[in-house]
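Listing of coords.cif, mmCIF, C-alpha atoms
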data_data
#
loop_
_atom_site.label_atom_id
_atom_site.label_comp_id
_atom_site.auth_asym_id
_atom_site.auth_seq_id
_atom_site.Cartn_x
_atom_site.Cartn_y
_atom_site.Cartn_z
CA MET A 1 2.56 -1.01 -19.39
CA ALA A 2 5.54 -0.63 -21.75
CA SER A 3 8.31 -3.20 -21.75
CA LEU A 4 11.91 -2.28 -20.90
CA VAL A 5 13.68 -5.62 -21.38
CA GLU A 6 12.91 -8.11 -24.16
CA ILE A 7 14.54 -11.55 -23.81
CA ARG A 8 14.16 -13.92 -26.75
CA GLY A 9 15.47 -17.47 -27.13
CA LEU A 10 18.28 -17.06 -24.59
CA VAL A 11 20.62 -20.06 -24.43
CA TYR A 12 23.81 -20.20 -22.34
CA GLU A 13 26.27 -23.08 -22.18
CA TYR A 14 29.23 -23.93 -20.01
CA PRO A 15 31.59 -26.59 -21.40
CA GLY A 16 29.51 -29.76 -21.51
CA PHE A 17 26.53 -28.21 -19.72
CA ARG A 18 23.58 -26.09 -20.86
CA ALA A 19 22.69 -23.67 -18.07
CA LEU A 20 19.86 -21.74 -19.78
CA HIS A 21 17.40 -23.32 -22.21
CA ASP A 22 15.69 -21.04 -24.73
CA LEU A 23 14.46 -18.44 -22.23
CA SER A 24 12.02 -15.77 -23.40
CA ALA A 25 10.46 -13.10 -21.19
CA THR A 26 9.50 -9.45 -21.02
CA ILE A 27 10.25 -7.15 -18.09
CA GLU A 28 8.01 -4.10 -17.89
CA LYS A 29 9.13 -0.60 -16.97
CA GLY A 30 8.76 0.50 -13.36
CA THR A 31 8.46 -3.02 -11.91
CA ILE A 32 10.38 -5.08 -9.37
CA THR A 33 10.82 -8.68 -10.51
CA ALA A 34 11.68 -11.34 -7.94
CA LEU A 35 13.99 -13.84 -9.64
CA VAL A 36 13.62 -17.09 -7.70
CA GLY A 37 14.52 -20.74 -8.01
CA PRO A 38 16.55 -23.46 -6.29
CA ASN A 39 20.34 -23.43 -6.04
CA GLY A 40 21.91 -24.18 -9.39
CA ALA A 41 18.77 -23.20 -11.31
CA GLY A 42 20.62 -20.65 -13.47
CA LYS A 43 19.60 -17.40 -11.72
CA THR A 44 23.08 -15.89 -11.47
CA THR A 45 23.93 -16.90 -15.03
CA PHE A 46 20.68 -15.30 -16.17
CA LEU A 47 21.49 -12.08 -14.29
CA ARG A 48 25.01 -11.95 -15.72
CA CYS A 49 23.58 -12.35 -19.23
CA LEU A 50 21.13 -9.52 -18.48
CA ALA A 51 24.08 -7.43 -17.31
CA ALA A 52 25.98 -8.10 -20.57
CA LEU A 53 28.77 -9.75 -18.57
CA GLU A 54 28.25 -13.13 -20.23
CA ALA A 55 27.69 -13.67 -23.95
CA PRO A 56 24.92 -16.22 -24.63
CA TYR A 57 25.30 -19.14 -27.02
CA SER A 58 22.22 -17.85 -28.83
CA GLY A 59 19.29 -15.51 -28.34
CA THR A 60 18.99 -11.77 -27.78
CA ILE A 61 18.40 -9.36 -24.92
CA LYS A 62 17.23 -5.84 -25.70
CA LEU A 63 17.21 -3.03 -23.16
CA ASP A 64 14.80 -0.31 -24.30
CA GLY A 65 15.42 -1.47 -27.88
CA LEU A 66 19.22 -1.72 -27.52
CA ASN A 67 20.81 -5.14 -28.17
CA ILE A 68 23.00 -5.31 -25.08
CA HIS A 69 25.42 -7.95 -26.35
CA SER A 70 26.03 -6.07 -29.58
CA ASN A 71 26.55 -2.85 -27.59
CA PRO A 72 27.80 -3.86 -24.12
CA ARG A 73 29.58 -0.61 -23.27
CA LEU A 74 26.58 1.50 -24.21
CA SER A 75 24.22 -0.85 -22.37
CA HIS A 76 26.31 -0.49 -19.19
CA THR A 77 25.53 3.23 -19.15
CA GLN A 78 21.84 2.29 -18.85
CA MET A 79 22.01 -0.46 -16.23
CA GLY A 80 23.41 -1.11 -12.78
CA TYR A 81 24.54 -4.49 -11.45
CA LEU A 82 25.49 -5.73 -7.99
CA SER A 83 26.74 -9.28 -7.58
CA ASP A 84 26.24 -11.47 -4.54
CA PHE A 85 29.89 -11.06 -3.54
CA PHE A 86 31.03 -7.48 -3.98
CA GLY A 87 34.05 -5.50 -2.89
CA LEU A 88 34.58 -1.93 -1.74
CA TYR A 89 37.72 0.14 -1.40
CA ASP A 90 37.87 0.07 2.40
CA ASP A 91 40.43 2.88 2.67
CA LEU A 92 38.25 5.26 0.64
CA THR A 93 35.48 7.31 2.20
CA VAL A 94 31.86 6.84 1.17
CA GLY A 95 32.12 10.03 -0.89
CA GLN A 96 35.30 8.84 -2.59
CA CYS A 97 33.76 5.44 -3.41
CA LEU A 98 30.80 7.16 -5.04
CA SER A 99 33.10 9.61 -6.82
CA HIS A 100 35.23 6.76 -8.18
CA ARG A 101 32.17 5.05 -9.62
CA ALA A 102 30.79 8.31 -11.02
CA TYR A 103 33.97 8.94 -12.99
CA ALA A 104 34.10 5.27 -14.04
CA GLN A 105 30.68 5.91 -15.58
CA GLU A 106 32.25 8.89 -17.39
CA LEU A 107 30.15 11.50 -15.64
CA VAL A 108 31.84 14.88 -16.06
CA ALA A 109 32.80 16.94 -13.01
CA ASN A 110 29.57 18.90 -12.50
CA ARG A 111 27.34 15.89 -13.22
CA ALA A 112 29.51 13.70 -10.98
CA ALA A 113 29.00 16.04 -8.01
CA GLU A 114 25.24 16.03 -8.55
CA ALA A 115 25.22 12.23 -8.97
CA ILE A 116 27.19 11.69 -5.73
CA GLU A 117 24.79 13.90 -3.80
CA TRP A 118 21.76 12.15 -5.31
CA ALA A 119 23.07 8.59 -4.79
CA ALA A 120 24.15 9.28 -1.21
CA GLY A 121 20.69 10.64 -0.47
CA ALA A 122 18.96 7.75 -2.22
CA VAL A 123 20.71 5.17 -0.02
CA ASN A 124 20.60 7.35 3.14
CA LEU A 125 24.35 7.82 3.43
CA SER A 126 24.52 11.61 3.09
CA ASP A 127 25.71 11.90 6.70
CA ARG A 128 28.54 9.39 6.17
CA LEU A 129 30.31 10.79 3.12
CA ARG A 130 33.52 11.31 5.13
CA GLN A 131 33.45 7.89 6.80
CA LYS A 132 35.68 5.15 5.42
CA ALA A 133 33.96 2.23 3.73
CA GLY A 134 35.90 -0.21 5.89
CA GLU A 135 34.26 1.23 9.01
CA LEU A 136 30.71 0.62 7.82
CA SER A 137 28.42 -2.16 9.05
CA ARG A 138 27.30 -4.92 6.65
CA GLY A 139 24.00 -3.16 6.01
CA LEU A 140 25.64 0.21 5.33
CA ARG A 141 28.21 -1.41 3.04
CA GLN A 142 25.32 -2.92 1.09
CA ARG A 143 23.73 0.50 0.79
CA LEU A 144 27.00 1.97 -0.45
CA ALA A 145 27.38 -0.80 -3.03
CA ILE A 146 23.86 -0.13 -4.30
CA GLY A 147 24.67 3.59 -4.33
CA GLN A 148 27.60 2.84 -6.63
CA ALA A 149 25.37 0.72 -8.87
CA ILE A 150 22.81 3.52 -9.28
CA ILE A 151 25.17 6.52 -9.42
CA HIS A 152 24.35 7.06 -13.11
CA LYS A 153 20.58 6.65 -12.59
CA PRO A 154 20.24 3.47 -14.70
CA LYS A 155 17.01 2.38 -16.31
CA LEU A 156 17.59 -1.19 -15.08
CA LEU A 157 19.04 -2.33 -11.74
CA LEU A 158 20.10 -5.98 -11.29
CA LEU A 159 20.74 -7.28 -7.77
CA ASP A 160 21.99 -10.78 -6.93
CA GLU A 161 21.11 -11.80 -3.34
CA PRO A 162 21.28 -8.22 -1.99
CA ALA A 163 19.88 -9.16 1.45
CA SER A 164 22.40 -11.94 2.11
CA GLY A 165 23.88 -11.54 5.59
CA LEU A 166 21.72 -8.55 6.54
CA ASP A 167 19.90 -8.29 9.88
CA PRO A 168 16.10 -7.76 9.90
CA GLU A 169 16.36 -3.97 10.26
CA ALA A 170 18.81 -3.72 7.35
CA ARG A 171 16.55 -5.93 5.23
CA ASP A 172 13.62 -3.63 5.97
CA ASP A 173 15.78 -0.63 4.96
CA LEU A 174 16.65 -2.42 1.73
CA ALA A 175 12.98 -3.07 0.93
CA THR A 176 12.19 0.62 1.51
CA LEU A 177 15.09 1.66 -0.72
CA LEU A 178 14.09 -0.62 -3.60
CA THR A 179 10.48 0.56 -3.41
CA ARG A 180 11.64 4.17 -3.49
CA LEU A 181 13.86 3.53 -6.52
CA ARG A 182 10.98 1.81 -8.32
CA ASP A 183 8.67 4.72 -7.52
CA GLY A 184 11.32 6.98 -9.04
CA GLY A 185 11.01 5.09 -12.33
CA MET A 186 13.76 2.48 -12.03
CA THR A 187 13.11 -1.12 -13.14
CA ILE A 188 14.62 -3.71 -10.80
CA VAL A 189 15.35 -7.44 -10.94
CA VAL A 190 16.22 -9.02 -7.57
CA SER A 191 17.48 -12.56 -7.06
CA SER A 192 16.92 -13.87 -3.54
CA HIS A 193 16.04 -16.95 -1.51
CA ILE A 194 14.21 -14.89 1.11
CA LEU A 195 10.72 -15.09 -0.34
CA ALA A 196 8.95 -13.40 2.57
CA GLU A 197 11.12 -10.34 2.04
CA LEU A 198 10.57 -10.31 -1.74
CA GLU A 199 6.82 -10.40 -1.12
CA ALA A 200 7.02 -6.99 0.56
CA TYR A 201 8.06 -5.13 -2.58
CA SER A 202 7.95 -7.32 -5.71
CA SER A 203 5.41 -6.73 -8.46
CA HIS A 204 6.38 -9.81 -10.51
CA MET A 205 7.84 -13.26 -9.86
CA LEU A 206 10.04 -15.03 -12.41
CA ILE A 207 10.79 -18.66 -11.47
CA ILE A 208 13.73 -20.47 -13.05
CA ASP A 209 14.41 -24.18 -12.52
CA LYS A 210 17.08 -26.23 -14.30
CA GLY A 211 17.61 -23.42 -16.77
CA HIS A 212 13.93 -23.18 -17.76
CA ILE A 213 11.34 -20.52 -16.94
CA VAL A 214 8.68 -22.23 -14.82
CA ASP A 215 6.47 -19.19 -14.36
CA HIS A 216 6.44 -15.42 -14.83
CA ALA A 217 3.48 -13.74 -13.16
CA ILE A 218 2.20 -10.59 -11.50
CA VAL A 219 2.13 -10.86 -7.70
CA GLY A 220 0.93 -8.83 -4.73
CA ASP A 221 -0.67 -5.40 -5.02
CA ALA A 222 0.41 -5.07 -8.67
CA ALA A 223 -2.34 -7.53 -9.58
CA LEU A 224 -4.93 -4.90 -8.66
CA GLY A 225 -3.78 -2.60 -11.43
CA SER A 226 -3.36 -5.24 -14.12
CA GLU A 227 -5.79 -5.74 -17.00
CA SER A 228 -6.89 -9.15 -15.67
CA ALA A 229 -6.84 -9.26 -11.87
CA ALA A 230 -7.40 -11.94 -9.25
CA LEU A 231 -9.51 -10.32 -6.53
CA THR A 232 -11.05 -11.19 -3.18
CA VAL A 233 -14.44 -9.74 -2.20
CA GLN A 234 -15.62 -10.22 1.38
CA LEU A 235 -18.96 -9.26 2.97
CA MET A 236 -19.80 -8.68 6.62
CA GLU A 237 -22.90 -10.87 6.19
CA PRO A 238 -24.63 -12.76 3.32
CA HIS A 239 -26.40 -10.78 0.62
CA LYS A 240 -29.04 -12.25 -1.70
CA ASP A 241 -27.60 -10.75 -4.93
CA PHE A 242 -23.91 -11.28 -4.15
CA GLU A 243 -23.30 -14.15 -6.58
CA LYS A 244 -25.58 -12.67 -9.27
CA ILE A 245 -23.67 -9.34 -9.33
CA LEU A 246 -20.31 -11.07 -9.52
CA LEU A 247 -21.32 -13.50 -12.28
CA HIS A 248 -22.52 -10.62 -14.43
CA VAL A 249 -18.98 -9.20 -14.81
CA ALA A 250 -16.44 -11.71 -13.49
CA GLU A 251 -15.40 -15.34 -13.35
CA ILE A 252 -15.81 -16.83 -9.88
CA THR A 253 -13.05 -19.21 -8.82
CA ARG A 254 -14.14 -19.79 -5.19
CA MET A 255 -17.34 -18.74 -3.40
CA THR A 256 -18.99 -18.85 0.02
CA ASP A 257 -22.00 -16.96 1.40
CA THR A 258 -19.80 -14.03 2.45
CA ALA A 259 -16.63 -14.23 0.35
CA ALA A 260 -15.51 -14.84 -3.21
CA GLN A 261 -12.31 -15.07 -5.20
CA ILE A 262 -12.83 -13.79 -8.74
CA SER A 263 -10.98 -13.11 -11.97
CA LEU A 264 -11.97 -9.74 -13.41
CA LYS A 265 -10.91 -8.23 -16.74
CA GLY A 266 -10.96 -4.55 -17.58
CA GLY A 267 -8.35 -3.14 -15.25
CA PRO A 268 -8.97 -0.54 -12.53
CA THR A 269 -12.09 0.83 -14.27
CA ALA A 270 -13.87 -2.55 -14.12
CA GLN A 271 -12.79 -2.98 -10.50
CA ARG A 272 -14.20 0.42 -9.57
CA ASP A 273 -17.49 -0.29 -11.38
CA LEU A 274 -17.94 -3.67 -9.67
CA LEU A 275 -17.37 -2.18 -6.23
CA LYS A 276 -19.90 0.59 -6.98
CA LYS A 277 -22.50 -2.03 -8.06
CA LEU A 278 -22.03 -4.03 -4.89
CA ILE A 279 -22.39 -0.98 -2.65
CA ALA A 280 -25.38 0.33 -4.63
CA ALA A 281 -27.08 -3.05 -4.15
CA GLY A 282 -26.58 -2.79 -0.41
CA ALA A 283 -23.94 -5.51 -0.16
CA PRO A 284 -21.99 -4.98 3.12
CA VAL A 285 -18.49 -5.05 1.58
CA ILE A 286 -15.70 -5.13 4.16
CA PHE A 287 -12.83 -6.07 1.82
CA PHE A 288 -12.25 -5.59 -1.89
CA GLY A 289 -8.71 -6.08 -3.13
CA PRO A 290 -6.09 -8.31 -4.72
CA ASP A 291 -6.30 -12.02 -3.99
CA LYS A 292 -2.95 -12.10 -2.23
CA VAL A 293 -1.18 -15.43 -2.35
CA ASN A 294 1.75 -16.06 -0.06
CA LEU A 295 4.78 -15.81 -2.34
CA GLN A 296 6.44 -18.88 -0.86
CA ASP A 297 3.28 -20.97 -1.23
CA ALA A 298 2.84 -19.78 -4.82
CA TYR A 299 6.49 -20.56 -5.57
CA ILE A 300 6.27 -24.10 -4.18
CA GLU A 301 2.98 -24.78 -5.98
CA ARG A 302 4.28 -23.57 -9.34
CA MET A 303 7.55 -25.46 -8.95
CA ARG A 304 5.60 -28.67 -8.33
CA GLU A 305 3.35 -27.99 -11.31
CA GLY A 306 6.37 -27.30 -13.52
CA ARG A 307 8.16 -30.49 -12.52
CA ALA A 308 5.00 -32.56 -12.96
CA SER A 309 4.42 -31.32 -16.52
#

Turn this file's structure into C-alpha cells for me.
Amino acid sequence: MASLVEIRGLVYEYPGFRALHDLSATIEKGTITALVGPNGAGKTTFLRCLAALEAPYSGTIKLDGLNIHSNPRLSHTQMGYLSDFFGLYDDLTVGQCLSHRAYAQELVANRAAEAIEWAAGAVNLSDRLRQKAGELSRGLRQRLAIGQAIIHKPKLLLLDEPASGLDPEARDDLATLLTRLRDGGMTIVVSSHILAELEAYSSHMLIIDKGHIVDHAIVGDAALGSESAALTVQLMEPHKDFEKILLHVAEITRMTDTAAQISLKGGPTAQRDLLKKLIAAGAPVIFFGPDKVNLQDAYIERMREGRAS
C-alpha cells in the first residue's frame, strides 16, 4: 500500500519543554489511524504539526510528496482538520456554514455548489440545510463541523477527539461516517481516548507517550490483508494433520488440539492457499480470520512494554 504521509525526525518544543522527540512514521493511503496515548503525551501537538498549524523545531512532514511546512497554504487545500474544541456560526444555516467554508477553500461558484451538496450528503445533513447551526444537537453539530472539514474532499482528514460529548447513537453514526469516508479514498487520523469505539473502524494504531512513538501497528480486520498477518484458525474437532499443515507455511505462536494462532507471510494469496489446504485435508475449519486483539488490551500491553524498555 502506498504511503500518503511521511514523517521524519519530527521534534517540537515549547519554551523549556520538548513535547515531541524525533518522531518518524508513515501513514498509508486509505487507512484510519487511531492516535492514542495518555493525557499530555503530545497527541494534539502532533496533530497540529500534521495540520501545518505548528512549525516543528526540526524534522519534516510530507503529504503526498509535498513538504507541508514549506508550503502550508497549498497543503491546507489537501487536508482537513477538526480540533477538539470547535466553533460554528450559530446564526448561519447548515447550508450557509458549508458555503462559507467552501468559499474559504477558494472553490468557485459551480464547484462550491457541488461541494456543499456532496458534503451535506456525506454527513447526512441534506435535509437540514435550512436549519440554523445553533439549533442542532451536539451530534449534528459534530457532523456539520466534519462536513466543513471535508468540503474540499481532502486527501487527509485529522480529527482531535471527535466523539467527545457524543451519546452512543451519535458515536455509532460517527464510526459509520468515518468508515464511509475511508472507503471513498480518504486517509484519516483520529485522536481519541475511547478505545472501544476506535476498534470499530481503525486499521492502524499509533501510540504516543511522553512525546515518543511507543508503537505503530496494523490492527483489526486490516491485518488480514497485510503482507504478514496474525491469524486465528479454529477447528470443530481435532485433526491429525492440523499442526503439520500449519508448520509447513506459517509460524505458530499458540496451539491447542482445535485452535492455533499463527503468523503467516504472503498476504491474501497465502491465506487463501492455507485455507484450501486445510479444507482439502478434511480439517473441520469453523473459523479462519485475523487474530483480533482487544484494542484497549493491546494499548495497555504496549504501553507497559514501552515504559519497561

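Among the candidates A:Pro238, A:Pro154, A:Pro162, A:Gly37, the residue lying nearest to Asp209 in chain A is A:Gly37 (atoms considered: only C-alpha atoms).
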
Checklist line | Output check: residues returned by the PyMOL selection byres ((chain A and resi 27-32) around 12), as a VMD selection string | finding: chain A and resid 1 to 8 24 to 26 33 to 35 50 61 to 64 154 to 159 175 177 to 191 198 to 206 216 to 223

Which residues would end up in the selection if the PyMOL selection byres ((chain A and resi 113-121) around 8) were applied here, given that I need the answer as a CSV table (one decimal) with C-alpha atoms, in the frame of the given file?
chain,number,residue,atom,x,y,z
A,95,GLY,CA,32.1,10.0,-0.9
A,98,LEU,CA,30.8,7.2,-5.0
A,99,SER,CA,33.1,9.6,-6.8
A,102,ALA,CA,30.8,8.3,-11.0
A,109,ALA,CA,32.8,16.9,-13.0
A,110,ASN,CA,29.6,18.9,-12.5
A,111,ARG,CA,27.3,15.9,-13.2
A,112,ALA,CA,29.5,13.7,-11.0
A,122,ALA,CA,19.0,7.8,-2.2
A,123,VAL,CA,20.7,5.2,0.0
A,124,ASN,CA,20.6,7.4,3.1
A,125,LEU,CA,24.4,7.8,3.4
A,126,SER,CA,24.5,11.6,3.1
A,129,LEU,CA,30.3,10.8,3.1
A,144,LEU,CA,27.0,2.0,-0.4
A,147,GLY,CA,24.7,3.6,-4.3
A,148,GLN,CA,27.6,2.8,-6.6
A,150,ILE,CA,22.8,3.5,-9.3
A,151,ILE,CA,25.2,6.5,-9.4
A,152,HIS,CA,24.4,7.1,-13.1

Residues in the PyMOL selection byres ((chain A and resi 88-90) around 7), expressed as a PDB file with C-alpha atoms, in the frame of the given file:
ATOM      1  CA  PHE A  86      31.030  -7.480  -3.980  1.00  0.00           C
ATOM      2  CA  GLY A  87      34.050  -5.500  -2.890  1.00  0.00           C
ATOM      3  CA  ASP A  91      40.430   2.880   2.670  1.00  0.00           C
ATOM      4  CA  LEU A  92      38.250   5.260   0.640  1.00  0.00           C
ATOM      5  CA  CYS A  97      33.760   5.440  -3.410  1.00  0.00           C
ATOM      6  CA  LYS A 132      35.680   5.150   5.420  1.00  0.00           C
ATOM      7  CA  ALA A 133      33.960   2.230   3.730  1.00  0.00           C
ATOM      8  CA  GLY A 134      35.900  -0.210   5.890  1.00  0.00           C
TER       9      GLY A 134
END

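Closest approach to Gly211 in chain A from the set A:Ala145, A:Leu20, A:Leu235, A:Val11 is made by A:Leu20, with distances taken over all atoms listed in the file.
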
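The gap separating CA of Tyr57 in chain A from CA of Lys43 in chain A is 16.4 Å, in Å to one decimal.
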
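Taking CA of Leu23 in chain A and CA of Gly9 in chain A as the two end points, the separation is 5.1 Å.
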
Next item on the list: Just the residues within 7 Å of Ser192 in chain A, please, counting all atoms listed in the file, with nothing from its chain fewer than 3 positions along; format it as a PyMOL selection string.
Entry: chain A and resi 35-36+160-161

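Nearest to Leu278 in chain A of all the residues A:Pro38, A:Ser83, A:Leu246, A:Thr77 is A:Leu246, based on all atoms listed in the file.
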
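CA of Glu135 in chain A to CA of Phe85 in chain A spans 18.1 Å [interatomic distance, one decimal].
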
All residues 9 Å or closer to Ala19 in chain A, only C-alpha atoms, same chain fewer than 3 positions away omitted, as a short mmCIF file (atom, residue, chain, number, x, y, z; two decimals) with C-alpha atoms, in the frame of the given file:
data_model
loop_
_atom_site.label_atom_id
_atom_site.label_comp_id
_atom_site.auth_asym_id
_atom_site.auth_seq_id
_atom_site.Cartn_x
_atom_site.Cartn_y
_atom_site.Cartn_z
CA VAL A 11 20.62 -20.06 -24.43
CA TYR A 12 23.81 -20.20 -22.34
CA GLU A 13 26.27 -23.08 -22.18
CA TYR A 14 29.23 -23.93 -20.01
CA GLY A 40 21.91 -24.18 -9.39
CA ALA A 41 18.77 -23.20 -11.31
CA GLY A 42 20.62 -20.65 -13.47
CA THR A 45 23.93 -16.90 -15.03
CA PHE A 46 20.68 -15.30 -16.17
CA LYS A 210 17.08 -26.23 -14.30
CA GLY A 211 17.61 -23.42 -16.77
CA HIS A 212 13.93 -23.18 -17.76
#

Quick one: axis-aligned box around all listed atoms of range 282-291 of chain A, 5 Å on every side, centre and edge lengths in Å to one decimal, written as AutoDock Vina command-line options.
--center_x -16.3 --center_y -7.4 --center_z -0.3 --size_x 30.5 --size_y 19.2 --size_z 18.9

Next item on the list: Could you tell me which of A:Met303, A:Thr232, A:Arg138, A:Tyr103 comes closest to Ile208 in chain A if we count only C-alpha atoms?
Entry: A:Met303

Checklist line | Residue nearest Glu169 in chain A among A:Ile262, A:Leu74, A:Ala280, A:Leu140 (counting all atoms listed in the file) | finding: A:Leu140

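Nearest residue to Pro290 in chain A, choosing from A:Ser70, A:Gln271, A:Thr258, A:Thr93 and counting only C-alpha atoms: A:Gln271.
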
Need the shell around Gly139 in chain A: protein/DNA/RNA residues with any atom at most 10 Å away, counting only C-alpha atoms. Skip same-chain ones fewer than 3 positions apart. Format as a PDB file with C-alpha atoms, in the frame of the given file?
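Now in out19.pdb:
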ATOM      1  CA  LEU A 136      30.710   0.620   7.820  1.00  0.00           C
ATOM      2  CA  GLN A 142      25.320  -2.920   1.090  1.00  0.00           C
ATOM      3  CA  ARG A 143      23.730   0.500   0.790  1.00  0.00           C
ATOM      4  CA  LEU A 144      27.000   1.970  -0.450  1.00  0.00           C
ATOM      5  CA  ALA A 145      27.380  -0.800  -3.030  1.00  0.00           C
ATOM      6  CA  PRO A 162      21.280  -8.220  -1.990  1.00  0.00           C
ATOM      7  CA  ALA A 163      19.880  -9.160   1.450  1.00  0.00           C
ATOM      8  CA  SER A 164      22.400 -11.940   2.110  1.00  0.00           C
ATOM      9  CA  GLY A 165      23.880 -11.540   5.590  1.00  0.00           C
ATOM     10  CA  LEU A 166      21.720  -8.550   6.540  1.00  0.00           C
ATOM     11  CA  ASP A 167      19.900  -8.290   9.880  1.00  0.00           C
ATOM     12  CA  PRO A 168      16.100  -7.760   9.900  1.00  0.00           C
ATOM     13  CA  GLU A 169      16.360  -3.970  10.260  1.00  0.00           C
ATOM     14  CA  ALA A 170      18.810  -3.720   7.350  1.00  0.00           C
ATOM     15  CA  ARG A 171      16.550  -5.930   5.230  1.00  0.00           C
ATOM     16  CA  ASP A 173      15.780  -0.630   4.960  1.00  0.00           C
ATOM     17  CA  LEU A 174      16.650  -2.420   1.730  1.00  0.00           C
TER      18      LEU A 174
END
